[in-house]
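So this one's my_file_4.txt, compact mmCIF, C-alpha atoms:
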```txt
# COMPACT_ATOMS: atom_id res chain seq x y z
CA MET Z 1 147.00 118.79 103.88
CA LYS Z 2 150.13 119.55 105.87
CA SER Z 3 150.01 119.46 109.64
CA PRO Z 4 150.62 122.62 111.75
CA GLN Z 5 153.99 121.15 112.76
CA SER Z 6 155.06 121.19 109.11
CA TRP Z 7 154.54 124.94 108.94
CA PHE Z 8 156.69 125.51 111.99
CA MET Z 9 159.58 123.88 110.11
CA LEU Z 10 159.72 126.99 107.93
CA ALA Z 11 161.44 128.78 110.80
CA HIS Z 12 164.43 126.51 110.34
CA ILE Z 13 165.02 127.59 106.74
CA PHE Z 14 167.22 130.42 107.92
CA PRO Z 15 170.46 129.63 109.82
CA SER Z 16 170.23 131.08 113.31
CA GLY Z 17 173.48 133.00 113.08
CA SER Z 18 172.45 135.01 110.03
CA ARG Z 19 168.92 136.01 111.02
CA SER Z 20 168.40 139.72 111.01
CA ALA Z 21 165.39 141.43 112.55
CA ALA Z 22 163.92 141.74 109.08
CA HIS Z 23 164.39 138.02 108.50
CA ARG Z 24 162.69 137.19 111.79
CA LEU Z 25 159.80 139.53 111.00
CA ALA Z 26 159.40 137.99 107.54
CA CYS Z 27 159.41 134.51 109.05
CA ARG Z 28 156.75 135.45 111.58
CA ARG Z 29 154.59 136.98 108.87
CA LEU Z 30 155.01 133.93 106.64
CA LEU Z 31 154.22 131.60 109.51
CA ARG Z 32 151.16 133.63 110.49
CA SER Z 33 149.95 133.64 106.87
CA CYS Z 34 150.43 129.90 106.55
CA LEU Z 35 148.56 129.20 109.78
CA TRP Z 36 145.76 131.51 108.62
CA LEU Z 37 145.49 129.58 105.36
CA LEU Z 38 145.46 126.34 107.30
CA GLY Z 39 142.51 127.64 109.29
CA VAL Z 40 140.71 128.64 106.09
CA PHE Z 41 141.23 125.16 104.63
CA ALA Z 42 139.94 123.58 107.83
CA LEU Z 43 136.88 125.84 107.74
CA ALA Z 44 136.27 124.96 104.12
CA GLY Z 45 136.38 121.31 105.06
CA GLY Z 46 133.86 121.99 107.79
CA LEU Z 47 131.55 123.72 105.31
CA ALA Z 48 131.78 120.74 102.99
CA GLN Z 49 130.85 118.46 105.86
CA ALA Z 50 127.78 120.60 106.51
CA ALA Z 51 126.37 119.30 103.20
CA VAL Z 52 126.70 115.65 104.18
CA ILE Z 53 123.39 113.80 104.26
CA LYS Z 54 123.13 112.03 107.60
CA GLU Z 55 120.61 110.37 109.85
CA GLY Z 56 117.84 112.75 110.83
CA ASP Z 57 118.20 115.10 107.89
CA ILE Z 58 114.93 116.24 106.34
CA LEU Z 59 114.36 115.84 102.60
CA VAL Z 60 111.78 117.86 100.69
CA THR Z 61 110.54 117.66 97.11
CA ASP Z 62 109.54 121.04 95.71
CA PRO Z 63 108.13 120.77 92.18
CA ASN Z 64 108.05 124.54 91.74
CA VAL Z 65 111.78 124.73 92.41
CA ASP Z 66 112.14 121.40 90.55
CA ALA Z 67 114.56 120.07 93.12
CA LEU Z 68 115.19 117.67 95.97
CA ILE Z 69 116.17 119.81 98.95
CA LYS Z 70 117.76 119.00 102.29
CA VAL Z 71 116.60 120.84 105.43
CA ASP Z 72 119.01 120.73 108.35
CA PRO Z 73 117.08 119.39 111.38
CA GLU Z 74 118.96 121.67 113.78
CA THR Z 75 119.20 124.99 111.95
CA GLY Z 76 116.55 124.76 109.26
CA ALA Z 77 119.17 125.62 106.62
CA ARG Z 78 118.22 124.45 103.12
CA THR Z 79 120.53 122.95 100.48
CA VAL Z 80 119.76 121.59 97.02
CA VAL Z 81 120.65 117.90 96.85
CA SER Z 82 119.60 117.36 93.23
CA ASP Z 83 118.46 120.00 90.77
CA PHE Z 84 116.18 118.27 88.26
CA GLY Z 85 116.73 121.11 85.84
CA ASP Z 86 120.50 120.53 85.81
CA PRO Z 87 121.38 118.02 83.06
CA SER Z 88 124.89 117.59 84.51
CA GLN Z 89 123.27 115.69 87.41
CA GLY Z 90 121.49 113.25 85.15
CA PRO Z 91 118.17 112.93 83.33
CA GLY Z 92 115.44 115.27 84.45
CA ASN Z 93 111.93 116.16 83.47
CA GLY Z 94 112.82 118.60 80.72
CA GLY Z 95 111.20 121.45 82.60
CA PHE Z 96 107.80 119.80 82.30
CA PRO Z 97 104.96 121.58 84.11
CA PHE Z 98 105.45 122.39 87.75
CA GLY Z 99 103.89 119.90 90.10
CA ALA Z 100 105.91 117.06 88.62
CA LEU Z 101 107.95 115.93 91.63
CA GLY Z 102 105.79 113.88 93.95
CA GLY Z 103 107.19 111.28 96.37
CA ILE Z 104 110.38 110.46 98.30
CA ALA Z 105 111.67 107.22 99.80
CA VAL Z 106 115.10 106.43 101.25
CA THR Z 107 116.36 102.86 101.32
CA GLY Z 108 119.47 100.87 100.55
CA GLY Z 109 121.69 103.94 100.57
CA GLN Z 110 119.74 105.64 97.80
CA ILE Z 111 117.08 108.29 97.60
CA PHE Z 112 114.14 107.64 95.28
CA VAL Z 113 112.04 110.49 93.90
CA THR Z 114 108.98 110.29 91.67
CA ASP Z 115 108.06 112.61 88.83
CA PHE Z 116 104.43 112.49 87.74
CA PHE Z 117 105.06 112.35 84.02
CA VAL Z 118 108.51 110.74 83.82
CA GLY Z 119 108.87 107.99 86.44
CA ILE Z 120 111.09 107.05 89.37
CA PHE Z 121 114.56 108.50 89.79
CA ALA Z 122 117.33 107.13 92.00
CA VAL Z 123 119.39 109.96 93.47
CA ASP Z 124 122.94 109.31 94.69
CA PRO Z 125 123.10 111.13 98.05
CA ARG Z 126 126.85 111.65 97.71
CA THR Z 127 126.65 113.62 94.48
CA GLY Z 128 123.02 114.36 93.68
CA LYS Z 129 123.45 112.44 90.42
CA ARG Z 130 120.24 110.95 89.07
CA THR Z 131 119.36 107.73 87.28
CA LEU Z 132 115.93 107.06 85.79
CA VAL Z 133 115.10 103.58 87.07
CA THR Z 134 111.48 103.53 85.84
CA ASP Z 135 110.10 105.26 82.78
CA ILE Z 136 106.44 105.26 83.74
CA THR Z 137 105.34 106.23 80.21
CA LYS Z 138 106.39 102.82 78.87
CA GLY Z 139 105.71 99.17 79.67
CA ALA Z 140 102.65 96.98 80.13
CA ILE Z 141 101.77 98.88 83.33
CA HIS Z 142 102.11 102.58 82.60
CA GLY Z 143 100.39 105.89 83.12
CA PHE Z 144 101.33 108.78 85.35
CA LEU Z 145 102.34 108.82 89.00
CA TRP Z 146 100.64 110.63 91.83
CA TYR Z 147 101.85 111.80 95.24
CA GLY Z 148 103.50 109.41 97.66
CA MET Z 149 105.88 106.46 97.61
CA GLY Z 150 106.82 103.76 100.09
CA ALA Z 151 109.86 101.48 100.18
CA GLU Z 152 109.56 97.74 100.77
CA VAL Z 153 112.01 94.98 101.59
CA GLY Z 154 114.34 93.96 98.77
CA GLY Z 155 114.62 97.15 96.76
CA SER Z 156 110.99 97.51 95.71
CA VAL Z 157 108.84 100.60 96.08
CA VAL Z 158 105.08 101.05 95.85
CA VAL Z 159 103.59 104.03 94.08
CA PRO Z 160 100.13 105.32 93.18
CA LEU Z 161 99.52 105.24 89.45
CA ALA Z 162 96.71 106.61 87.31
CA THR Z 163 95.82 106.28 83.67
CA THR Z 164 94.12 108.97 81.62
CA SER Z 165 90.96 108.21 83.55
CA LEU Z 166 90.04 107.04 87.01
CA PRO Z 167 90.37 104.81 88.99
CA THR Z 168 93.76 104.80 90.66
CA TYR Z 169 96.09 101.83 91.07
CA VAL Z 170 98.86 100.91 93.49
CA VAL Z 171 101.84 99.41 91.70
CA ARG Z 172 104.97 97.71 93.01
CA VAL Z 173 108.19 98.50 91.14
CA ASP Z 174 111.51 96.69 91.52
CA THR Z 175 113.96 99.59 91.30
CA ARG Z 176 116.75 97.26 90.10
CA SER Z 177 114.95 95.59 87.21
CA ASP Z 178 111.94 97.90 86.66
CA HIS Z 179 109.65 94.87 87.00
CA ARG Z 180 106.14 96.11 87.84
CA VAL Z 181 103.25 94.39 89.57
CA LEU Z 182 99.71 95.70 90.00
CA VAL Z 183 99.01 95.42 93.74
CA THR Z 184 95.49 96.81 93.88
CA ASP Z 185 92.97 98.18 91.41
CA PHE Z 186 90.43 100.47 93.04
CA SER Z 187 87.78 99.39 90.52
CA ASN Z 188 88.23 95.69 91.34
CA LEU Z 189 85.41 94.75 93.69
CA THR Z 190 87.08 91.48 94.68
CA GLN Z 191 89.81 93.51 96.37
CA GLY Z 192 87.48 95.76 98.31
CA ALA Z 193 85.01 98.58 97.89
CA ALA Z 194 85.36 100.39 94.59
CA ILE Z 195 86.42 104.02 94.47
CA THR Z 196 85.57 105.59 91.13
CA CYS Z 197 85.58 109.25 92.08
CA CYS Z 198 88.90 109.99 93.65
CA TYR Z 199 92.63 109.91 93.34
CA ILE Z 200 95.02 108.63 95.96
CA GLN Z 201 96.42 111.82 97.42
CA ASP Z 202 99.32 110.19 99.29
CA LEU Z 203 100.72 106.76 100.09
CA THR Z 204 103.13 105.19 102.57
CA VAL Z 205 104.26 101.79 103.88
CA GLY Z 206 103.85 100.86 107.53
CA PRO Z 207 106.32 99.12 109.88
CA LEU Z 208 104.82 95.69 109.14
CA GLY Z 209 104.67 96.21 105.39
CA GLY Z 210 101.05 97.28 105.07
CA ILE Z 211 100.33 99.94 102.48
CA PHE Z 212 98.33 102.96 103.62
CA VAL Z 213 96.69 105.45 101.28
CA ALA Z 214 94.72 108.64 101.72
CA THR Z 215 92.03 109.29 99.12
CA GLU Z 216 90.89 112.81 98.41
CA ASN Z 217 87.45 114.30 98.83
CA ASN Z 218 86.47 115.03 95.25
CA ALA Z 219 83.51 114.72 92.89
CA GLY Z 220 81.19 113.78 95.71
CA GLY Z 221 83.49 111.13 97.18
CA ALA Z 222 84.69 111.04 100.74
CA SER Z 223 88.18 111.45 102.12
CA GLY Z 224 89.31 108.18 103.64
CA ILE Z 225 92.27 106.17 104.88
CA TYR Z 226 92.70 102.66 103.44
CA ARG Z 227 94.97 99.81 104.44
CA ILE Z 228 96.08 97.55 101.57
CA ASN Z 229 97.41 94.04 101.97
CA PRO Z 230 100.77 94.12 100.14
CA ILE Z 231 100.35 90.51 98.92
CA THR Z 232 96.69 90.20 97.97
CA GLY Z 233 95.89 93.84 97.32
CA LYS Z 234 92.78 93.56 99.52
CA ARG Z 235 91.63 96.97 100.74
CA THR Z 236 90.17 97.85 104.11
CA LEU Z 237 88.61 101.25 104.84
CA VAL Z 238 90.20 102.20 108.17
CA SER Z 239 88.75 105.66 108.61
CA ASP Z 240 85.88 107.24 106.70
CA PHE Z 241 85.79 111.01 107.15
CA THR Z 242 82.04 111.07 106.54
CA ASN Z 243 81.53 108.74 109.51
CA GLY Z 244 80.82 110.94 112.52
CA ALA Z 245 81.29 108.01 114.89
CA GLN Z 246 84.99 107.98 113.95
CA GLY Z 247 85.46 111.71 114.51
CA THR Z 248 83.48 114.87 113.99
CA ASP Z 249 86.16 117.15 112.53
CA VAL Z 250 85.74 117.65 108.81
CA ALA Z 251 88.85 117.20 106.67
CA ASP Z 252 89.90 117.16 103.05
CA PHE Z 253 93.03 115.88 101.28
CA GLN Z 254 92.29 117.26 97.83
CA PHE Z 255 94.93 119.96 97.98
CA GLY Z 256 97.25 118.39 100.51
CA THR Z 257 99.67 115.53 100.98
CA GLY Z 258 101.00 113.79 104.03
CA ILE Z 259 100.43 110.38 105.57
CA ALA Z 260 102.85 108.66 107.95
CA ILE Z 261 102.84 105.79 110.44
CA GLU Z 262 104.26 106.12 113.95
CA SER Z 263 106.29 103.32 115.53
CA SER Z 264 103.19 102.53 117.62
CA GLY Z 265 101.24 101.91 114.42
CA GLN Z 266 99.11 105.03 114.82
CA ILE Z 267 98.32 106.74 111.53
CA LEU Z 268 99.08 110.42 111.01
CA VAL Z 269 97.49 112.39 108.19
CA ASN Z 270 97.37 116.00 107.05
CA SER Z 271 94.21 117.76 105.99
CA THR Z 272 93.83 121.03 104.20
CA PRO Z 273 91.18 123.62 103.28
CA ASN Z 274 89.49 123.44 99.89
CA PHE Z 275 87.87 126.90 99.97
CA GLY Z 276 84.51 125.13 99.97
CA THR Z 277 82.89 123.20 102.78
CA VAL Z 278 86.23 122.43 104.46
CA THR Z 279 88.02 125.47 105.83
CA ARG Z 280 90.24 124.00 108.54
CA THR Z 281 93.90 122.95 108.57
CA LEU Z 282 94.36 119.94 110.84
CA LEU Z 283 96.88 117.23 111.61
CA PHE Z 284 95.06 114.03 112.64
CA ARG Z 285 96.11 110.94 114.55
CA ILE Z 286 94.03 107.87 113.68
CA ASN Z 287 93.66 104.61 115.57
CA PRO Z 288 94.57 101.86 113.06
CA ILE Z 289 92.07 99.41 114.59
CA THR Z 290 88.97 101.54 115.18
CA GLY Z 291 89.62 104.32 112.69
CA LYS Z 292 88.87 106.83 115.47
CA ARG Z 293 90.28 110.26 114.64
CA THR Z 294 91.62 112.88 117.00
CA VAL Z 295 93.08 116.27 116.14
CA LEU Z 296 96.71 116.27 117.21
CA SER Z 297 97.52 119.80 116.04
CA ASP Z 298 95.07 122.46 114.91
CA PHE Z 299 96.99 124.83 112.63
CA ASP Z 300 94.20 127.38 112.99
CA ASP Z 301 94.81 127.58 116.76
CA ALA Z 302 97.53 130.03 117.79
CA LYS Z 303 97.67 128.45 121.26
CA GLN Z 304 99.45 125.46 119.72
CA GLY Z 305 102.03 127.57 117.92
CA PRO Z 306 102.46 129.51 114.66
CA LEU Z 307 99.53 129.18 112.28
CA GLY Z 308 99.65 127.24 109.03
CA PHE Z 309 97.48 126.80 105.97
CA GLY Z 310 97.35 123.94 103.48
CA LEU Z 311 99.43 121.09 104.93
CA ASN Z 312 101.76 119.33 102.49
CA GLY Z 313 104.30 116.71 103.47
CA LEU Z 314 104.57 114.80 106.75
CA ALA Z 315 107.35 112.74 108.32
CA VAL Z 316 108.22 111.16 111.67
CA GLU Z 317 111.62 111.79 113.24
CA LYS Z 318 113.55 109.23 115.28
CA SER Z 319 112.56 111.05 118.46
CA GLY Z 320 108.90 110.69 117.52
CA ARG Z 321 108.48 114.36 116.71
CA LEU Z 322 106.80 115.26 113.45
CA VAL Z 323 107.88 117.40 110.53
CA VAL Z 324 105.09 119.08 108.57
CA GLY Z 325 105.07 121.40 105.56
CA THR Z 326 102.53 124.19 105.38
CA GLY Z 327 101.68 127.42 103.64
CA ASN Z 328 101.55 130.92 105.09
CA ALA Z 329 98.26 131.35 106.95
CA THR Z 330 98.30 135.15 106.66
CA ILE Z 331 97.90 135.01 102.88
CA GLN Z 332 96.11 131.62 102.83
CA GLU Z 333 98.91 130.08 100.84
CA LEU Z 334 98.21 126.51 99.74
CA ALA Z 335 101.73 126.07 98.33
CA GLY Z 336 103.83 124.99 101.31
CA THR Z 337 106.83 127.20 102.05
CA LEU Z 338 107.19 126.62 105.80
CA VAL Z 339 108.58 123.57 107.60
CA PHE Z 340 107.20 123.04 111.10
CA ARG Z 341 108.20 120.64 113.85
CA VAL Z 342 105.30 119.29 115.91
CA ASN Z 343 105.47 117.71 119.36
CA GLN Z 344 103.91 114.26 119.05
CA LEU Z 345 102.40 114.39 122.54
CA THR Z 346 100.97 117.90 122.77
CA GLY Z 347 100.61 119.01 119.17
CA GLN Z 348 102.64 122.16 119.96
CA ARG Z 349 104.32 123.59 116.88
CA SER Z 350 107.50 125.53 116.17
CA LEU Z 351 108.84 126.93 112.91
CA LEU Z 352 111.98 125.08 111.80
CA SER Z 353 112.56 126.56 108.33
CA ASP Z 354 111.01 129.55 106.60
CA GLY Z 355 111.20 128.82 102.89
CA LYS Z 356 111.00 132.52 102.03
CA ASN Z 357 113.98 133.42 104.20
CA ARG Z 358 117.02 133.60 101.93
CA THR Z 359 119.42 133.49 104.85
CA GLN Z 360 118.39 129.86 105.41
CA GLY Z 361 119.27 128.82 101.86
CA VAL Z 362 117.43 127.98 98.67
CA LEU Z 363 113.87 129.31 98.65
CA LEU Z 364 110.88 126.98 98.86
CA LYS Z 365 107.94 127.58 96.54
CA GLY Z 366 105.66 124.59 97.06
CA ILE Z 367 106.44 121.54 99.20
CA ALA Z 368 105.11 118.29 97.74
CA ASN Z 369 106.46 115.67 100.16
CA ILE Z 370 108.78 115.34 103.14
CA ALA Z 371 110.95 112.46 104.38
CA VAL Z 372 113.40 111.97 107.23
CA VAL Z 373 116.65 110.16 106.48
CA PRO Z 374 116.94 106.95 108.54
CA GLY Z 375 120.16 105.59 109.99
CA ASP Z 376 121.82 102.42 108.76
CA HIS Z 377 120.11 100.51 111.59
CA ASP Z 378 116.69 101.88 110.60
CA ASP Z 379 117.10 101.14 106.94
CA HIS Z 380 117.79 97.41 106.93
CA ASP Z 381 114.16 96.40 106.80
CA GLY Z 382 113.62 98.39 103.63
CA HIS Z 383 110.60 100.26 104.94
CA SER Z 384 109.77 103.79 103.90
CA ASN Z 385 111.82 106.51 105.45
CA HIS Z 386 108.84 108.16 107.06
CA ASP Z 387 107.08 105.05 108.26
CA ASP Z 388 109.43 103.12 110.48
CA GLN Z 389 112.00 105.23 112.18
CA GLY Z 390 112.69 102.65 114.89
CA HIS Z 391 111.91 105.25 117.54
CA ARG Z 392 114.11 103.71 120.19
CA ASP Z 393 114.04 106.92 122.22
CA GLY Z 394 110.36 106.29 122.97
CA PRO Z 395 107.32 108.33 122.07
CA GLY Z 396 107.93 110.86 124.83
CA SER Z 397 111.52 111.63 123.94
CA ASN Z 398 112.45 115.15 122.93
CA SER Z 399 116.03 114.32 122.07
CA LYS Z 400 117.40 115.92 118.94
CA PRO Z 401 118.49 113.86 115.96
CA THR Z 402 121.82 112.29 116.81
CA GLY Z 403 123.42 113.16 113.52
CA ASP Z 404 124.92 109.68 113.44
CA SER Z 405 126.28 109.32 109.96
CA LEU Z 406 124.60 107.32 107.29
CA VAL Z 407 128.15 107.65 105.97
CA SER Z 408 128.39 104.62 103.80
CA PRO Z 409 127.25 105.43 101.20
CA PHE Z 410 125.94 108.87 102.17
CA GLY Z 411 128.39 111.73 101.85
CA VAL Z 412 128.94 115.18 100.43
CA VAL Z 413 126.30 116.36 98.01
CA LYS Z 414 126.79 118.82 95.22
```

If you took the structure in this file and wrote it as structure tokens, what would it be?
Amino acid sequence: MKSPQSWFMLAHIFPSGSRSAAHRLACRRLLRSCLWLLGVFALAGGLAQAAVIKEGDILVTDPNVDALIKVDPETGARTVVSDFGDPSQGPGNGGFPFGALGGIAVTGGQIFVTDFFVGIFAVDPRTGKRTLVTDITKGAIHGFLWYGMGAEVGGSVVVPLATTSLPTYVVRVDTRSDHRVLVTDFSNLTQGAAITCCYIQDLTVGPLGGIFVATENNAGGASGIYRINPITGKRTLVSDFTNGAQGTDVADFQFGTGIAIESSGQILVNSTPNFGTVTRTLLFRINPITGKRTVLSDFDDAKQGPLGFGLNGLAVEKSGRLVVGTGNATIQELAGTLVFRVNQLTGQRSLLSDGKNRTQGVLLKGIANIAVVPGDHDDHDGHSNHDDQGHRDGPGSNSKPTGDSLVSPFGVVK
């Protein structure tokens, strides 16, 4: 693009001795028009930059929209990063039933997204182009994926996998070679207590590499939080939601997703109503040693901020604040369309993005999972994007995301 000084050179096209008033007026008009166009081009460049994926940006999978969506952490504006129904961006799910997109992880300059019935996609954050790195329908270890995904050191991710029948497995997948390893089998008693009733409802990887899963309350089983040794697959029940000594608030994960680990190692988990015995919408903090549960934010309590219903998706920002997806409490909407920010100290909530507000961008129809994009310095250990944010600002910081660029390789998305 030419500099402003280049446009001023147009005035010298006409010899000074022959300029009439009309010539001077024409020159001024031409110059003004050129400068206006220059401003338009500069603005267009600014708009393009607004689509850059950078540190602190919020990523959402919405299976009902069938897309990976970026939520601006400052304005709440929403932009489609990758439309899984657009074949020009790579392989998709062929419009398979809604509810297909499940987990997100960001590591090594790539975004990974799971689809229940297809596998694991790598999404180029510069273009939104997709590559299918794991076809979960094929191979010695196969089945269908469930919610959640965590990134490990060296380009591997861990995902929950189920066959046509229970139980559920945790599988490690090398995203470069598609080599798969069974980490834990919930029916294997040598690895811990068996769970034969329930699916893993979400999964994440902690700062030290431990795998954490939330199991749903279903078919008479209890909601619980398990820690899994990433090497041996041994399981430890950290918090049993039927154990009153660990907390008296009843919770259920059957219709909700969301588990994350703070930099302190504290476990955060969403719960959601099931229209049965559990009717409350709560965000819990759990002591990783004792399993003791406390309610950090009660989404049924207007004193802590706008109400929510049916929590889906949970992530930790660099500042320590939390990002939570929820449905509209007025209509008891389980499909998450609202993105809240929660103060990690007080549990106070504020609405960041209203997924039904068209002025903020693409509409949300049902949030499955949420992740926060780490910076280059946060991403070197390969941990999941919403597990180890390297919260250098401290747990009490209320600073906004810095917006420091992930730049290489993150850039303009489609």

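Atom pair atom CA of Pro288 of chain Z / atom CA of Asn188 of chain Z: separated by 23.5 Å.
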
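Atom to atom, atom CA of Leu338 of chain Z and atom CA of Asp301 of chain Z stand 16.6 Å apart.
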
Long-range neighbours of Ala302 of chain Z as a PDB file with C-alpha atoms, in the coordinates of the input, 12 Å cut-off, all atoms listed in the file, 4 positions minimum in chain:
```pdb
ATOM      1  CA  SER Z 297      97.520 119.800 116.040  1.00  0.00           C
ATOM      2  CA  ASP Z 298      95.070 122.460 114.910  1.00  0.00           C
ATOM      3  CA  PRO Z 306     102.460 129.510 114.660  1.00  0.00           C
ATOM      4  CA  LEU Z 307      99.530 129.180 112.280  1.00  0.00           C
ATOM      5  CA  GLY Z 308      99.650 127.240 109.030  1.00  0.00           C
ATOM      6  CA  ALA Z 329      98.260 131.350 106.950  1.00  0.00           C
ATOM      7  CA  GLY Z 347     100.610 119.010 119.170  1.00  0.00           C
ATOM      8  CA  GLN Z 348     102.640 122.160 119.960  1.00  0.00           C
ATOM      9  CA  ARG Z 349     104.320 123.590 116.880  1.00  0.00           C
ATOM     10  CA  SER Z 350     107.500 125.530 116.170  1.00  0.00           C
TER      11      SER Z 350
END
```

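Nearest to Ser264 of chain Z of all the residues Z:Ala77, Z:Asn64, Z:Gly355, Z:Arg285 is Z:Arg285, based on all atoms listed in the file.
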
A straight line from atom CA of Pro91 of chain Z to atom CA of Thr107 of chain Z spans 20.7 Å

**Request:** Please provide the set of residues having any atom within 12 Å of segment 233-239 of chain Z, restricted to all atoms listed in the file, with same-chain residues fewer than 4 positions apart removed, written as a ChimeraX atom specification.
**Result:** /Z:158,169-172,181-195,210-215,222-229,243-248,251,266-269,284-294

Could the residues in this selection be saved with C-alpha atoms as a PDB file, in the coordinates of the input?
```pdb
ATOM      1  CA  VAL Z 158     105.080 101.050  95.850  1.00  0.00           C
ATOM      2  CA  TYR Z 169      96.090 101.830  91.070  1.00  0.00           C
ATOM      3  CA  VAL Z 170      98.860 100.910  93.490  1.00  0.00           C
ATOM      4  CA  VAL Z 171     101.840  99.410  91.700  1.00  0.00           C
ATOM      5  CA  ARG Z 172     104.970  97.710  93.010  1.00  0.00           C
ATOM      6  CA  VAL Z 181     103.250  94.390  89.570  1.00  0.00           C
ATOM      7  CA  LEU Z 182      99.710  95.700  90.000  1.00  0.00           C
ATOM      8  CA  VAL Z 183      99.010  95.420  93.740  1.00  0.00           C
ATOM      9  CA  THR Z 184      95.490  96.810  93.880  1.00  0.00           C
ATOM     10  CA  ASP Z 185      92.970  98.180  91.410  1.00  0.00           C
ATOM     11  CA  PHE Z 186      90.430 100.470  93.040  1.00  0.00           C
ATOM     12  CA  SER Z 187      87.780  99.390  90.520  1.00  0.00           C
ATOM     13  CA  ASN Z 188      88.230  95.690  91.340  1.00  0.00           C
ATOM     14  CA  LEU Z 189      85.410  94.750  93.690  1.00  0.00           C
ATOM     15  CA  THR Z 190      87.080  91.480  94.680  1.00  0.00           C
ATOM     16  CA  GLN Z 191      89.810  93.510  96.370  1.00  0.00           C
ATOM     17  CA  GLY Z 192      87.480  95.760  98.310  1.00  0.00           C
ATOM     18  CA  ALA Z 193      85.010  98.580  97.890  1.00  0.00           C
ATOM     19  CA  ALA Z 194      85.360 100.390  94.590  1.00  0.00           C
ATOM     20  CA  ILE Z 195      86.420 104.020  94.470  1.00  0.00           C
ATOM     21  CA  GLY Z 210     101.050  97.280 105.070  1.00  0.00           C
ATOM     22  CA  ILE Z 211     100.330  99.940 102.480  1.00  0.00           C
ATOM     23  CA  PHE Z 212      98.330 102.960 103.620  1.00  0.00           C
ATOM     24  CA  VAL Z 213      96.690 105.450 101.280  1.00  0.00           C
ATOM     25  CA  ALA Z 214      94.720 108.640 101.720  1.00  0.00           C
ATOM     26  CA  THR Z 215      92.030 109.290  99.120  1.00  0.00           C
ATOM     27  CA  ALA Z 222      84.690 111.040 100.740  1.00  0.00           C
ATOM     28  CA  SER Z 223      88.180 111.450 102.120  1.00  0.00           C
ATOM     29  CA  GLY Z 224      89.310 108.180 103.640  1.00  0.00           C
ATOM     30  CA  ILE Z 225      92.270 106.170 104.880  1.00  0.00           C
ATOM     31  CA  TYR Z 226      92.700 102.660 103.440  1.00  0.00           C
ATOM     32  CA  ARG Z 227      94.970  99.810 104.440  1.00  0.00           C
ATOM     33  CA  ILE Z 228      96.080  97.550 101.570  1.00  0.00           C
ATOM     34  CA  ASN Z 229      97.410  94.040 101.970  1.00  0.00           C
ATOM     35  CA  ASN Z 243      81.530 108.740 109.510  1.00  0.00           C
ATOM     36  CA  GLY Z 244      80.820 110.940 112.520  1.00  0.00           C
ATOM     37  CA  ALA Z 245      81.290 108.010 114.890  1.00  0.00           C
ATOM     38  CA  GLN Z 246      84.990 107.980 113.950  1.00  0.00           C
ATOM     39  CA  GLY Z 247      85.460 111.710 114.510  1.00  0.00           C
ATOM     40  CA  THR Z 248      83.480 114.870 113.990  1.00  0.00           C
ATOM     41  CA  ALA Z 251      88.850 117.200 106.670  1.00  0.00           C
ATOM     42  CA  GLN Z 266      99.110 105.030 114.820  1.00  0.00           C
ATOM     43  CA  ILE Z 267      98.320 106.740 111.530  1.00  0.00           C
ATOM     44  CA  LEU Z 268      99.080 110.420 111.010  1.00  0.00           C
ATOM     45  CA  VAL Z 269      97.490 112.390 108.190  1.00  0.00           C
ATOM     46  CA  PHE Z 284      95.060 114.030 112.640  1.00  0.00           C
ATOM     47  CA  ARG Z 285      96.110 110.940 114.550  1.00  0.00           C
ATOM     48  CA  ILE Z 286      94.030 107.870 113.680  1.00  0.00           C
ATOM     49  CA  ASN Z 287      93.660 104.610 115.570  1.00  0.00           C
ATOM     50  CA  PRO Z 288      94.570 101.860 113.060  1.00  0.00           C
ATOM     51  CA  ILE Z 289      92.070  99.410 114.590  1.00  0.00           C
ATOM     52  CA  THR Z 290      88.970 101.540 115.180  1.00  0.00           C
ATOM     53  CA  GLY Z 291      89.620 104.320 112.690  1.00  0.00           C
ATOM     54  CA  LYS Z 292      88.870 106.830 115.470  1.00  0.00           C
ATOM     55  CA  ARG Z 293      90.280 110.260 114.640  1.00  0.00           C
ATOM     56  CA  THR Z 294      91.620 112.880 117.000  1.00  0.00           C
TER      57      THR Z 294
END
```

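The smallest atom-to-atom distance between Ala100 of chain Z and any of Z:Pro230, Z:Gly320, Z:Pro63, Z:Gly361, using only C-alpha atoms, is found for Z:Pro63.
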
In terms of all atoms listed in the file, the residue from Z:Gln332, Z:Thr257, Z:Gln304, Z:Ser177 at minimal distance from Thr346 of chain Z is Z:Gln304

Give as a PDB file with C-alpha atoms, in the coordinates of the input every residue, naming chains and numbers as the document does, that has an atom within 8 Å of (104.1, 123.2, 98.1), counting all atoms listed in the file.
```pdb
ATOM      1  CA  ASP Z  62     109.540 121.040  95.710  1.00  0.00           C
ATOM      2  CA  PRO Z  63     108.130 120.770  92.180  1.00  0.00           C
ATOM      3  CA  ASN Z  64     108.050 124.540  91.740  1.00  0.00           C
ATOM      4  CA  ASN Z 312     101.760 119.330 102.490  1.00  0.00           C
ATOM      5  CA  GLY Z 325     105.070 121.400 105.560  1.00  0.00           C
ATOM      6  CA  THR Z 326     102.530 124.190 105.380  1.00  0.00           C
ATOM      7  CA  GLY Z 327     101.680 127.420 103.640  1.00  0.00           C
ATOM      8  CA  LEU Z 334      98.210 126.510  99.740  1.00  0.00           C
ATOM      9  CA  ALA Z 335     101.730 126.070  98.330  1.00  0.00           C
ATOM     10  CA  GLY Z 336     103.830 124.990 101.310  1.00  0.00           C
ATOM     11  CA  THR Z 337     106.830 127.200 102.050  1.00  0.00           C
ATOM     12  CA  LEU Z 364     110.880 126.980  98.860  1.00  0.00           C
ATOM     13  CA  LYS Z 365     107.940 127.580  96.540  1.00  0.00           C
ATOM     14  CA  GLY Z 366     105.660 124.590  97.060  1.00  0.00           C
ATOM     15  CA  ILE Z 367     106.440 121.540  99.200  1.00  0.00           C
ATOM     16  CA  ALA Z 368     105.110 118.290  97.740  1.00  0.00           C
TER      17      ALA Z 368
END
```
